[in-house]
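Undergrad: My structure is in final.cif, and what it holds is mmCIF, C-alpha atoms:
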```cif
data_input
#
loop_
_atom_site.label_atom_id
_atom_site.label_comp_id
_atom_site.auth_asym_id
_atom_site.auth_seq_id
_atom_site.Cartn_x
_atom_site.Cartn_y
_atom_site.Cartn_z
CA MET A 213 102.70 73.32 50.54
CA PHE A 214 103.01 75.32 53.75
CA TYR A 215 99.32 76.23 53.55
CA ARG A 216 98.28 72.56 53.24
CA VAL A 217 100.43 71.56 56.25
CA ALA A 218 98.95 74.39 58.30
CA GLN A 219 95.48 73.11 57.45
CA LEU A 220 96.38 69.60 58.61
CA ILE A 221 97.82 70.62 62.00
CA PRO A 222 94.40 71.03 63.72
CA VAL A 223 93.36 67.64 62.31
CA PHE A 224 96.45 65.92 63.75
CA ALA A 225 95.92 67.71 67.07
CA ALA A 226 92.34 66.49 67.26
CA LEU A 227 93.45 62.93 66.51
CA LEU A 228 96.08 63.09 69.25
CA LEU A 229 93.58 64.43 71.76
CA GLY A 230 91.15 61.71 70.82
CA ALA A 231 93.82 59.06 71.29
CA GLY A 232 94.62 60.44 74.73
CA SER A 233 90.98 60.35 75.74
CA ALA A 234 90.66 56.77 74.53
CA ALA A 235 93.70 55.74 76.58
CA ALA A 236 92.09 57.01 79.78
CA ALA A 237 89.77 54.47 81.36
CA PRO A 238 86.18 55.73 81.13
CA ALA A 239 84.15 56.08 84.30
CA GLY A 240 81.89 53.22 85.21
CA ASN A 241 78.12 53.42 84.87
CA VAL A 242 76.46 53.38 88.30
CA ASN A 243 73.11 52.12 87.04
CA THR A 244 74.63 49.19 85.20
CA GLY A 245 76.96 48.59 88.13
CA LYS A 246 73.97 48.21 90.45
CA LEU A 247 72.71 45.33 88.32
CA VAL A 248 76.13 43.66 88.42
CA TYR A 249 76.26 44.16 92.19
CA GLN A 250 72.80 42.71 92.72
CA ARG A 251 73.69 39.62 90.74
CA TYR A 252 77.16 38.86 92.12
CA CYS A 253 77.82 40.83 95.32
CA LEU A 254 74.58 41.34 97.23
CA SER A 255 74.43 37.92 98.95
CA CYS A 256 77.64 38.68 100.86
CA HIS A 257 77.93 42.48 101.02
CA GLY A 258 74.21 43.20 101.43
CA ALA A 259 71.75 45.42 99.60
CA GLN A 260 72.92 48.41 101.66
CA GLY A 261 76.63 47.63 101.21
CA ASN A 262 76.89 46.99 104.95
CA GLY A 263 78.57 43.60 104.71
CA GLN A 264 75.47 41.88 106.07
CA GLY A 265 74.21 39.86 103.14
CA GLU A 266 72.37 36.61 103.79
CA ALA A 267 75.59 34.58 103.49
CA ALA A 268 77.68 36.82 105.77
CA GLU A 269 76.68 35.17 109.04
CA PHE A 270 78.29 31.92 107.90
CA MET A 271 81.65 33.53 107.12
CA SER A 272 84.51 33.74 109.60
CA VAL A 273 86.12 36.59 107.65
CA LYS A 274 83.26 39.03 107.25
CA PRO A 275 82.50 40.78 103.94
CA ARG A 276 83.57 44.39 103.68
CA ASP A 277 81.16 47.04 104.94
CA TYR A 278 81.47 49.67 102.20
CA ARG A 279 79.67 52.49 103.99
CA GLN A 280 82.70 53.98 105.76
CA GLY A 281 84.90 53.96 102.66
CA THR A 282 87.51 52.03 104.66
CA TYR A 283 89.53 49.51 102.69
CA LYS A 284 92.38 47.26 103.77
CA TRP A 285 93.84 46.50 100.36
CA ARG A 286 95.05 49.74 98.84
CA SER A 287 98.15 51.17 97.18
CA THR A 288 97.42 54.52 98.88
CA PRO A 289 98.61 55.72 102.32
CA SER A 290 96.95 54.83 105.59
CA ASP A 291 93.31 55.95 105.91
CA SER A 292 93.20 57.16 102.30
CA LEU A 293 90.50 56.07 99.92
CA PRO A 294 91.65 53.41 97.46
CA LEU A 295 92.26 54.05 93.80
CA ASP A 296 89.88 52.48 91.31
CA SER A 297 92.81 50.32 90.23
CA ASP A 298 93.05 48.97 93.80
CA LEU A 299 89.41 47.91 93.73
CA ALA A 300 89.91 46.38 90.28
CA HIS A 301 92.94 44.46 91.61
CA THR A 302 90.76 42.91 94.32
CA LEU A 303 88.07 41.98 91.82
CA LEU A 304 90.60 40.40 89.48
CA ASN A 305 92.61 38.50 92.09
CA GLY A 306 90.19 37.88 94.94
CA LEU A 307 91.47 37.66 98.51
CA TYR A 308 93.35 34.49 99.32
CA GLY A 309 92.03 32.62 102.36
CA THR A 310 88.64 34.36 102.33
CA TYR A 311 85.32 33.87 100.56
CA MET A 312 86.14 36.72 98.19
CA PRO A 313 86.80 34.99 94.86
CA THR A 314 88.36 36.28 91.69
CA TRP A 315 85.90 37.91 89.33
CA ARG A 316 87.98 37.55 86.18
CA ALA A 317 84.87 36.13 84.54
CA LEU A 318 83.41 39.65 84.54
CA ASP A 319 84.47 41.75 81.57
CA GLU A 320 86.36 44.98 82.15
CA ARG A 321 83.28 47.13 81.53
CA SER A 322 81.28 45.26 84.20
CA ARG A 323 84.13 45.61 86.69
CA ARG A 324 84.31 49.37 86.09
CA ASP A 325 80.56 49.67 86.49
CA VAL A 326 80.33 47.70 89.74
CA ILE A 327 83.26 49.70 91.19
CA ALA A 328 81.37 52.91 90.39
CA TYR A 329 78.31 51.54 92.19
CA ILE A 330 80.24 50.29 95.23
CA LYS A 331 81.64 53.80 95.67
CA THR A 332 78.09 55.18 96.07
CA PHE A 333 77.76 53.44 99.45
CA SER A 334 80.20 55.89 101.07
CA GLN A 335 79.93 59.67 101.01
CA ARG A 336 83.71 59.85 101.24
CA PHE A 337 84.03 59.20 97.51
CA ALA A 338 81.89 62.25 96.82
CA THR A 339 83.88 64.57 99.09
CA GLU A 340 87.45 63.22 99.02
CA LYS A 341 89.99 62.09 96.48
CA PRO A 342 92.39 59.18 97.02
CA GLN A 343 95.95 60.14 97.81
CA PRO A 344 98.64 59.16 95.28
CA ALA A 345 99.87 55.59 95.41
CA ILE A 346 102.80 54.81 97.69
CA GLU A 347 106.14 54.74 95.92
CA ILE A 348 107.73 51.29 96.17
CA PRO A 349 111.47 51.11 95.43
CA PRO A 350 112.83 48.10 93.53
CA ASP A 351 113.27 44.89 95.50
CA PRO A 352 117.03 44.62 96.24
CA GLY A 353 116.72 40.85 96.19
CA TYR A 354 116.30 37.93 98.54
CA SER A 355 119.42 36.73 100.36
CA ASP A 356 120.36 35.00 103.60
CA ALA A 357 121.88 38.25 104.89
CA SER A 358 118.69 40.17 104.19
CA VAL A 359 116.61 37.47 105.90
CA ALA A 360 118.81 37.70 109.01
CA ARG A 361 118.43 41.47 109.15
CA GLY A 362 114.67 41.10 108.59
CA ALA A 363 114.42 38.73 111.56
CA ALA A 364 115.90 41.49 113.72
CA VAL A 365 113.38 44.00 112.32
CA TYR A 366 110.57 41.54 113.14
CA VAL A 367 111.76 41.50 116.76
CA LYS A 368 112.35 45.26 116.92
CA TYR A 369 108.82 46.10 115.87
CA ASN A 370 107.32 43.39 118.09
CA CYS A 371 105.54 41.68 115.19
CA SER A 372 105.45 38.47 117.25
CA GLN A 373 102.93 40.08 119.64
CA CYS A 374 100.25 39.35 117.06
CA HIS A 375 101.82 37.08 114.46
CA GLY A 376 103.79 34.90 116.87
CA ALA A 377 107.49 34.12 117.10
CA GLY A 378 107.24 31.74 114.16
CA GLY A 379 104.83 33.92 112.17
CA GLN A 380 101.92 31.49 112.54
CA GLY A 381 99.42 34.07 113.80
CA ASP A 382 99.53 32.77 117.37
CA GLY A 383 101.05 35.68 119.29
CA PRO A 384 99.97 36.67 122.82
CA SER A 385 97.47 39.24 121.48
CA ALA A 386 96.11 37.00 118.74
CA HIS A 387 92.78 36.31 120.46
CA GLU A 388 92.13 39.89 121.53
CA LEU A 389 92.08 41.60 118.16
CA LYS A 390 88.98 43.08 116.53
CA ASP A 391 88.36 45.21 113.47
CA ASP A 392 86.60 48.60 113.48
CA TRP A 393 83.22 46.86 113.17
CA GLY A 394 83.76 44.69 116.25
CA ASN A 395 84.47 41.48 114.36
CA GLN A 396 87.12 39.24 115.86
CA LEU A 397 90.30 39.05 113.81
CA VAL A 398 92.97 36.38 113.69
CA PRO A 399 96.45 37.64 112.75
CA TYR A 400 97.54 36.26 109.43
CA ASP A 401 99.62 33.08 109.36
CA LEU A 402 102.72 34.30 107.54
CA THR A 403 103.90 30.74 106.89
CA LYS A 404 101.14 30.06 104.34
CA GLY A 405 103.23 31.25 101.41
CA HIS A 406 100.55 33.71 100.34
CA VAL A 407 99.24 37.09 101.37
CA LYS A 408 95.60 37.95 100.82
CA CYS A 409 96.25 40.85 98.48
CA GLY A 410 98.83 39.16 96.23
CA ASP A 411 101.98 37.05 96.27
CA GLN A 412 104.61 39.45 94.96
CA SER A 413 107.23 40.99 97.22
CA THR A 414 105.78 44.42 96.48
CA ASP A 415 102.42 43.29 97.88
CA ILE A 416 104.02 42.46 101.23
CA TYR A 417 106.02 45.71 101.24
CA ARG A 418 102.85 47.70 100.58
CA VAL A 419 101.14 46.25 103.65
CA PHE A 420 103.91 47.60 105.91
CA MET A 421 103.75 51.07 104.40
CA ALA A 422 100.00 51.44 103.88
CA GLY A 423 98.74 49.46 106.86
CA LEU A 424 95.37 47.74 106.76
CA SER A 425 92.72 50.36 107.46
CA GLY A 426 89.96 49.18 109.77
CA THR A 427 92.20 46.62 111.49
CA PRO A 428 94.88 46.70 114.23
CA MET A 429 97.59 46.38 111.54
CA PRO A 430 99.16 49.86 111.48
CA THR A 431 101.25 51.64 108.91
CA PHE A 432 104.99 51.71 109.54
CA SER A 433 105.68 54.38 106.93
CA ASP A 434 106.85 56.90 109.57
CA SER A 435 109.26 54.55 111.31
CA LEU A 436 110.41 51.87 108.88
CA ASN A 437 112.88 52.84 106.16
CA SER A 438 112.79 51.09 102.81
CA ALA A 439 115.92 49.00 103.45
CA ASP A 440 114.52 47.58 106.68
CA ALA A 441 111.12 47.08 105.04
CA TRP A 442 112.67 44.99 102.27
CA ASP A 443 114.61 42.95 104.82
CA LEU A 444 111.34 42.30 106.67
CA VAL A 445 109.71 41.24 103.40
CA HIS A 446 112.51 38.74 102.82
CA PHE A 447 112.24 37.40 106.37
CA ILE A 448 108.52 36.79 105.86
CA GLN A 449 109.28 35.08 102.56
CA SER A 450 111.75 32.83 104.36
CA LEU A 451 108.94 31.46 106.55
CA SER A 452 107.49 29.39 103.71
CA PRO A 453 108.86 27.80 100.53
CA GLY A 454 105.58 28.84 98.95
CA TYR A 455 106.69 32.45 98.52
CA ALA A 456 108.32 33.29 95.20
CA LYS A 457 111.73 34.75 96.01
CA ASN A 458 113.90 36.85 93.73
CA ALA A 459 117.57 36.24 94.39
CA ALA A 460 119.75 39.32 94.84
CA GLY A 461 121.33 40.55 91.63
CA THR A 462 118.99 38.72 89.26
CA ALA A 463 117.02 40.32 86.50
CA ALA A 464 113.79 39.15 88.13
CA ASN A 465 114.17 41.83 90.82
CA ASN A 466 113.58 44.57 88.33
CA ALA A 467 110.94 42.85 86.25
CA PRO A 468 108.11 45.27 85.31
CA GLY A 469 105.54 42.88 86.77
CA ASP A 470 107.03 43.35 90.24
CA LYS A 471 106.36 47.09 90.31
CA LYS A 472 102.72 47.66 91.05
#
```
Spit out the file's structure as structure tokens when you get a sec.

TA:
Amino acid sequence: MFYRVAQLIPVFAALLLGAGSAAAAPAGNVNTGKLVYQRYCLSCHGAQGNGQGEAAEFMSVKPRDYRQGTYKWRSTPSDSLPLDSDLAHTLLNGLYGTYMPTWRALDERSRRDVIAYIKTFSQRFATEKPQPAIEIPPDPGYSDASVARGAAVYVKYNCSQCHGAGGQGDGPSAHELKDDWGNQLVPYDLTKGHVKCGDQSTDIYRVFMAGLSGTPMPTFSDSLNSADAWDLVHFIQSLSPGYAKNAAGTAANNAPGDKK
């Protein structure tokens, strides 16, 4: 009996290793990804990935220039490369208020492949690795007290200089802002009830801590503690009834879907 069990151990080990390999997402195929890119992405982002496709000149929010490896919507720290999961998140959800739509119609394999191809436009992906994702503590919950504290944080960090006193994107510097490519930027209207990268409270929190690389929106990770950051999130949510708000002390605060 012992001999038969000993014989089976390597078999079980191989099965476990195989299961682990299957669980890990396989790398995308660059050649197939190029075909996906040419069909769906080229008209905006350009054949060279420079954001200068034939449709780009008609867009007020310009398509991303992939060549520098600079991405606004990431879960990683400021100036880090994004994770593949960050790029997949953008493909799945699109960017609210821009011409970047959701590409849920693409199957998972096609999304992996086009991500692999997009990464070939920047040498950074060949020489650097993304930093680990920013840790986001649980949302303590929306409340009037938190909103009041968040209003004070908004003033302290002079957010109104760009976003305006009422968060409508009409601050004194609003017409002077440009991105790293020289395109004029308009600060986001925080009263819309949406953020471009997602509508969950964690999405707003992440913007404060990661910043938006390539834009004047900095990271506040070195100066803003998590308690103040959550209060600022709740203040922003108070600016529009369109934001989904989790009341303090409710189970919704700790829902798995709110921890990206």

Undergrad: Quick check on the file I pasted: which residues fall under the PyMOL selection byres ((chain A and resi 258) around 12)? Write them as a list in words.

TA: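 For this structure, the PyMOL selection byres ((chain A and resi 258) around 12) resolves to Tyr249, Gln250, Arg251, Tyr252, Cys253, Leu254, Ser255, Cys256, His257, Ala259, Gln260, Gly261, Asn262, Gly263, Gln264, Gly265, Glu266, Ala267, Ala268, Glu269, Lys274, Pro275, Arg276, Asp277, Tyr278, Arg279, Ile330 and Phe333 of chain A.
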
Undergrad: Report as a ChimeraX atom specification the residues that result from applying the PyMOL selection byres ((chain A and resi 388-394) around 12) to the structure here.

TA: /A:262-264,273-280,282-284,373-375,381-387,395-400,424-430

Undergrad: State, in Å with one decimal place, the distance from atom CA of A:Trp285 to atom CA of A:Ile416.

TA: 11.0 Å

Undergrad: Tell me, in Å to one decimal, how far atom CA of A:Leu318 is from atom CA of A:Thr414.

TA: 25.8 Å

Undergrad: Of the candidates A:Gln343, A:Ser322, A:Gln412, A:Ser452, which shows the shortest atom-to-atom distance to A:Ser290, using only C-alpha atoms?

TA: A:Gln343

Undergrad: Since I can't run it myself right now, could you work out what the PyMOL selection byres ((chain A and resi 293) around 12) selects here and report it as a ChimeraX atom specification?

TA: /A:278,280-292,294-299,331,334-345,422,424-425

Undergrad: Atom CA of A:Pro352 and atom CA of A:Val419 are how many Å apart?

TA: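 Straight-line distance from atom CA of A:Pro352 to atom CA of A:Val419 works out to 17.6 Å.
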